There are 2 protein chains.
Amino acid sequence: MNIAIAQSGGPTSAINASLAGILEECEKTDKIGKVYGSLYGIEGLIEGDLVDMSDHIDIRKDLDLLIRTPAAVLGSCRKKLPDFEEDDSVYKIIAENLKKNGIEAFFYIGGNDSMDTVDKLSGYFREKSTDICVIGIPKTIDNDLLGTDHCPGYGSAAKYIVSTVQEIIRDSNAYNTPSVTVIETMGRHAGWLTASAACVKRNEEHSPQLIYLPEVVFSDDKFIGDVRERLSSDKTVVAVVSEGVKTSSGKFAAENYQSAKKDAFGHSYLSGIGKYLEDLVTTRIGCKVRSIELNVMQRCSSHIASLTDINEAREVGKKAVTAALSGMTGIMISLERVSSDPYQCNISYVPAGGVANKEKCFPAEWIDPSGNSITEEGVDYIFPLIYGELPPIIENGLIKHFKII
Amino acid sequence: MNIAIAQSGGPTSAINASLAGILEECEKTDKIGKVYGSLYGIEGLIEGDLVDMSDHIDIRKDLDLLIRTPAAVLGSCRKKLPDFEEDDSVYKIIAENLKKNGIEAFFYIGGNDSMDTVDKLSGYFREKSTDICVIGIPKTIDNDLLGTDHCPGYGSAAKYIVSTVQEIIRDSNAYNTPSVTVIETMGRHAGWLTASAACVKRNEEHSPQLIYLPEVVFSDDKFIGDVRERLSSDKTVVAVVSEGVKTSSGKFAAENYQSAKKDAFGHSYLSGIGKYLEDLVTTRIGCKVRSIELNVMQRCSSHIASLTDINEAREVGKKAVTAALSGMTGIMISLERVSSDPYQCNISYVPAGGVANKEKCFPAEWIDPSGNSITEEGVDYIFPLIYGELPPIIENGLIKHFKII
């Protein structure tokens, strides 16, 4: 059978490793014929924009570069399919394009919005008794997918955050004047990325004294109180704050700083909690303060990727192929943690419908009662995910990447 | 004789390598007795806050970690000495603290403000016939010091910018929708850091199409025109813009976004050109747009340091010791480029007074007549400075640094 692969949602440092894993596994079997890449996610299947992967990648030769390349080499999209009961026109087009190319399995690497697509598309094919299997492969830096211990992409983003927060703390401590540094991290509704900054304390280094997740109600007064208290003993206070922290009214704390733009899924683009808190500290405390937004570097800094993350991203890609060959559909490959120390994880699968459009928050029991730090158990969970390095391939001082589009 | 070392100004990834170079050279001679570290720059000499370096560093053992540690391990300051003709009280205190500890040479690692201190302090000692030599060691990510081909610290910051801009471009190209990405770089009055992003084009990669330096008068209309033109042929436009771009009136282009805060030298803290241009593109063009401020990561991301930069930072440190032993004072160690390809640089020295309080701008002849890109000659200059890697020392996924304060 022929297969098709697409990548979707926000870019990560590990999404191409999952693509690599699929291609590696395909090499091992003669049951798979042509491998197509659908450009720009599901859009490629709709527009008929498919490339023969063998024209672009020789996985035995290109593996080392592909797994080190950030963002989706096949391109990505943010597209939501309608319910097929209401409007099946796009489903018919997709089915036609798949059949035309003899494609009997479609692999979709993405987050909870992509699992919505996997669920709907597999449901449509099941209802139409069309023998095409649809498999989801988890990917998100947000680590907020249900049904899996963690998500490929998260470990590398966390490793970037841990490394960069440590370097910023070094920078902040250079001067002998009281100062506050606010570091803004991604994570719309879940605090996994923000919480990863707590790993710095396992390093005998100055670590961020304050960490605020979207799971805890945020209050300007509490924040200022926390900062004042820390400034009474520490010269430099570093607070890591999620872009998504909300007040007791349920509104984003930096509501007025928030952009009005929305993406196709109705998510608002957030930015500004860092600048908002910088202003707040200036007004209410008056000491030296600066804010730093880690921005998209969190998801694209593959030069400081986690080897554990990249390896797991490959493995879930491989597992997806074996699942498809055994006729499974409508599932997402998942990671099941056996142990944190020594770290051990099994690869399994769950129904994609149980993952679609849902979010897994950072557990309340891993947040200190103070609401501004992470417990040791929380750090125990994150710590193994940043383990190991995959140094970039560099020529003449320039990092090499793999390119299709 | 005993010596003292201090670090000053903005932190860099290379400032500790110069400290290492001094310590390495001191090991080679029996002419130098105790080596003191002055904590928080010249402040340590004023407050008598000196540490015996042998209590904190064994350079043979700690070298590998020290040269990989960002920001000043002795702490830094931003302090301007008054003219000693007008007020010599602080000079008397410094002289007393030096004499008390038998210190006959003082090494100051810093930028153009620090060279002002070197010039004044050496002038004071000369006038008082005090036999204490004062040597400046160049350090600034801004690369804006006169009297030297380039400055230690610049190459590593440039390497961070080149690597990160490339990764961001990858991220920007993931979607199939027209978009503009504005990347804001440091560089108050000189465009060296911003210009470094042009090195990406040597990598057969998508490179930033537009680069705006503070040396070129900035116009909102011109910028929007440039972006529109590029969008007509390219799906994704990436513009790298210096925080310091100014309009024809001489005001910062993001004047209204600028903080009113000033540091001890009267410099305004700038921020906001990125957000300003993001708003401008939204209003005038209306396509997807985002801005990314590279912020202090430019100066503290030693995990992606340039080996050329770190090696040169060590060498200027070593040269400073030999200069002091030969009785020189009031000078700054400098780099003299012999050739760019193959890259070769000699180490020399210049009077610190010729460097103090001055800025070297990016040469007009290396800016394309369009005002929005860098010539090949400009890239030829920058390119060798980002060459070579110094991978971080990582244990359990955490980067190791060296710590004194």
# chains A, B, ... in the order shown; residues from 1 in each chain; ligands from 1
$ calpha_fit_rmsd --fixed "chain B" --moving "chain A"
0.0 Å
$ interface_residues --of "chain B" --to "chain A" --cutoff "8 Å" --atoms "only C-alpha atoms" --output "number ranges by chain"
B: 11, 40, 70-77, 159, 162-164, 167-168, 170-171, 173-176, 200, 203, 292-293, 295-297, 300-302, 306, 386-389, 396-400
$ select_by_dssp --residues "range 116-329 of chain A" --states "strand (DSSP E or B)" --output "ChimeraX atom specification"
/A:133-138,175,179-185,210-212,236-242,246,252,262,268,288-293,306
$ write_last_selection --atoms "C-alpha atoms" --output "PDB file, in the first residue's frame"
ATOM      1  CA  CYS A 133      -6.470   4.039   8.176  1.00  0.00           C
ATOM      2  CA  VAL A 134      -5.699   7.330   9.858  1.00  0.00           C
ATOM      3  CA  ILE A 135      -3.117   7.458  12.617  1.00  0.00           C
ATOM      4  CA  GLY A 136      -2.218  10.425  14.820  1.00  0.00           C
ATOM      5  CA  ILE A 137       1.305  11.025  16.050  1.00  0.00           C
ATOM      6  CA  PRO A 138       1.533  13.355  19.056  1.00  0.00           C
ATOM      7  CA  TYR A 175      25.061  43.706  38.538  1.00  0.00           C
ATOM      8  CA  SER A 179      16.522  43.935  40.007  1.00  0.00           C
ATOM      9  CA  VAL A 180      13.571  41.930  38.801  1.00  0.00           C
ATOM     10  CA  THR A 181      13.540  39.889  35.603  1.00  0.00           C
ATOM     11  CA  VAL A 182      10.255  38.592  34.219  1.00  0.00           C
ATOM     12  CA  ILE A 183      10.591  35.757  31.708  1.00  0.00           C
ATOM     13  CA  GLU A 184       7.477  35.076  29.644  1.00  0.00           C
ATOM     14  CA  THR A 185       6.963  31.536  28.391  1.00  0.00           C
ATOM     15  CA  LEU A 210       8.994  32.542  41.276  1.00  0.00           C
ATOM     16  CA  ILE A 211       7.066  30.493  38.726  1.00  0.00           C
ATOM     17  CA  TYR A 212       3.474  31.269  37.726  1.00  0.00           C
ATOM     18  CA  THR A 236      17.995  39.605  41.927  1.00  0.00           C
ATOM     19  CA  VAL A 237      14.540  38.118  41.532  1.00  0.00           C
ATOM     20  CA  VAL A 238      13.675  36.091  38.453  1.00  0.00           C
ATOM     21  CA  ALA A 239      10.018  35.255  37.816  1.00  0.00           C
ATOM     22  CA  VAL A 240       8.999  32.878  35.030  1.00  0.00           C
ATOM     23  CA  VAL A 241       5.424  33.567  33.985  1.00  0.00           C
ATOM     24  CA  SER A 242       3.157  31.784  31.527  1.00  0.00           C
ATOM     25  CA  LYS A 246      -5.534  34.496  34.381  1.00  0.00           C
ATOM     26  CA  PHE A 252      -5.952  36.864  31.005  1.00  0.00           C
ATOM     27  CA  LYS A 262      -7.693  34.921  16.552  1.00  0.00           C
ATOM     28  CA  SER A 268      -6.464  34.425  20.716  1.00  0.00           C
ATOM     29  CA  LYS A 288      15.294  47.968  37.964  1.00  0.00           C
ATOM     30  CA  VAL A 289      13.135  45.565  35.968  1.00  0.00           C
ATOM     31  CA  ARG A 290      13.084  43.995  32.546  1.00  0.00           C
ATOM     32  CA  SER A 291      10.954  41.459  30.740  1.00  0.00           C
ATOM     33  CA  ILE A 292      12.041  38.815  28.277  1.00  0.00           C
ATOM     34  CA  GLU A 293       9.699  36.895  25.987  1.00  0.00           C
ATOM     35  CA  SER A 306      16.763  17.020  24.029  1.00  0.00           C
TER      36      SER A 306
END
$ residues_around --residues "Ile347 in chain B" --least-positions-apart "6" --cutoff "7 Å" --atoms "only C-alpha atoms" --output "compact mmCIF listing (two decimals) with C-alpha atoms, in the first residue's frame"
# COMPACT_ATOMS: atom_id res chain seq x y z
CA VAL B 316 43.67 39.56 24.51
CA SER B 334 43.33 45.46 20.22
CA LEU B 335 42.81 43.05 17.34
CA GLU B 336 44.34 43.80 13.95
$ residues_around --residues "range 187-194 of chain A" --least-positions-apart "3" --cutoff "8 Å" --atoms "only C-alpha atoms" --output "PyMOL selection string"
chain A and resi 141-144+154+157-158+161+197+211-215+240-245+270+359-362
$ residues_around --residues "Ser249 in chain A" --least-positions-apart "6" --cutoff "12 Å" --atoms "only C-alpha atoms" --output "mmCIF file with N, CA and C atoms, in the first residue's frame"
data_model
loop_
_atom_site.group_PDB
_atom_site.id
_atom_site.type_symbol
_atom_site.label_atom_id
_atom_site.label_comp_id
_atom_site.auth_asym_id
_atom_site.auth_seq_id
_atom_site.Cartn_x
_atom_site.Cartn_y
_atom_site.Cartn_z
ATOM 1 N N VAL A 217 -4.740 30.837 39.864
ATOM 2 C CA VAL A 217 -5.313 32.177 39.676
ATOM 3 C C VAL A 217 -4.235 33.224 39.950
ATOM 4 N N PHE A 218 -4.066 34.146 39.015
ATOM 5 C CA PHE A 218 -3.018 35.155 39.127
ATOM 6 C C PHE A 218 -3.601 36.455 39.684
ATOM 7 N N SER A 219 -2.824 37.054 40.582
ATOM 8 C CA SER A 219 -3.257 38.330 41.148
ATOM 9 C C SER A 219 -2.069 39.285 41.149
ATOM 10 N N GLU A 255 -4.859 41.193 29.912
ATOM 11 C CA GLU A 255 -5.992 41.316 28.973
ATOM 12 C C GLU A 255 -5.851 42.526 28.038
#
$ residues_around --residues "Leu277 in chain B" --least-positions-apart "5" --cutoff "9 Å" --atoms "only C-alpha atoms" --output "PyMOL selection string"
chain B and resi 182+220+223+254+272+282+291
$ atom_distance --atom1 "CA of Glu315 in chain B" --atom2 "CA of Ile333 in chain B"
9.7 Å
$ closest_residue --among "A:Asp88, A:Gly317, A:Gly153, A:Gly286" --to "Gln298 in chain A" --atoms "only C-alpha atoms"
A:Gly153
$ atom_distance --atom1 "CA of Ile103 in chain A" --atom2 "CA of Ser18 in chain A"
19.3 Å
$ residues_around --residues "Leu63 in chain B" --least-positions-apart "4" --cutoff "12 Å" --atoms "only C-alpha atoms" --output "ChimeraX atom specification"
/B:16-24,57-59,67-69,310,314,393,401-402
$ atom_distance --atom1 "CA of Leu50 in chain B" --atom2 "CA of Ile5 in chain B"
9.4 Å
$ select_by_dssp --residues "range 26-194 of chain A" --states "alpha helix (DSSP H)" --output "number ranges by chain"
A: 26-27, 42-47, 59-66, 89-100, 112-127, 154-172, 192-194
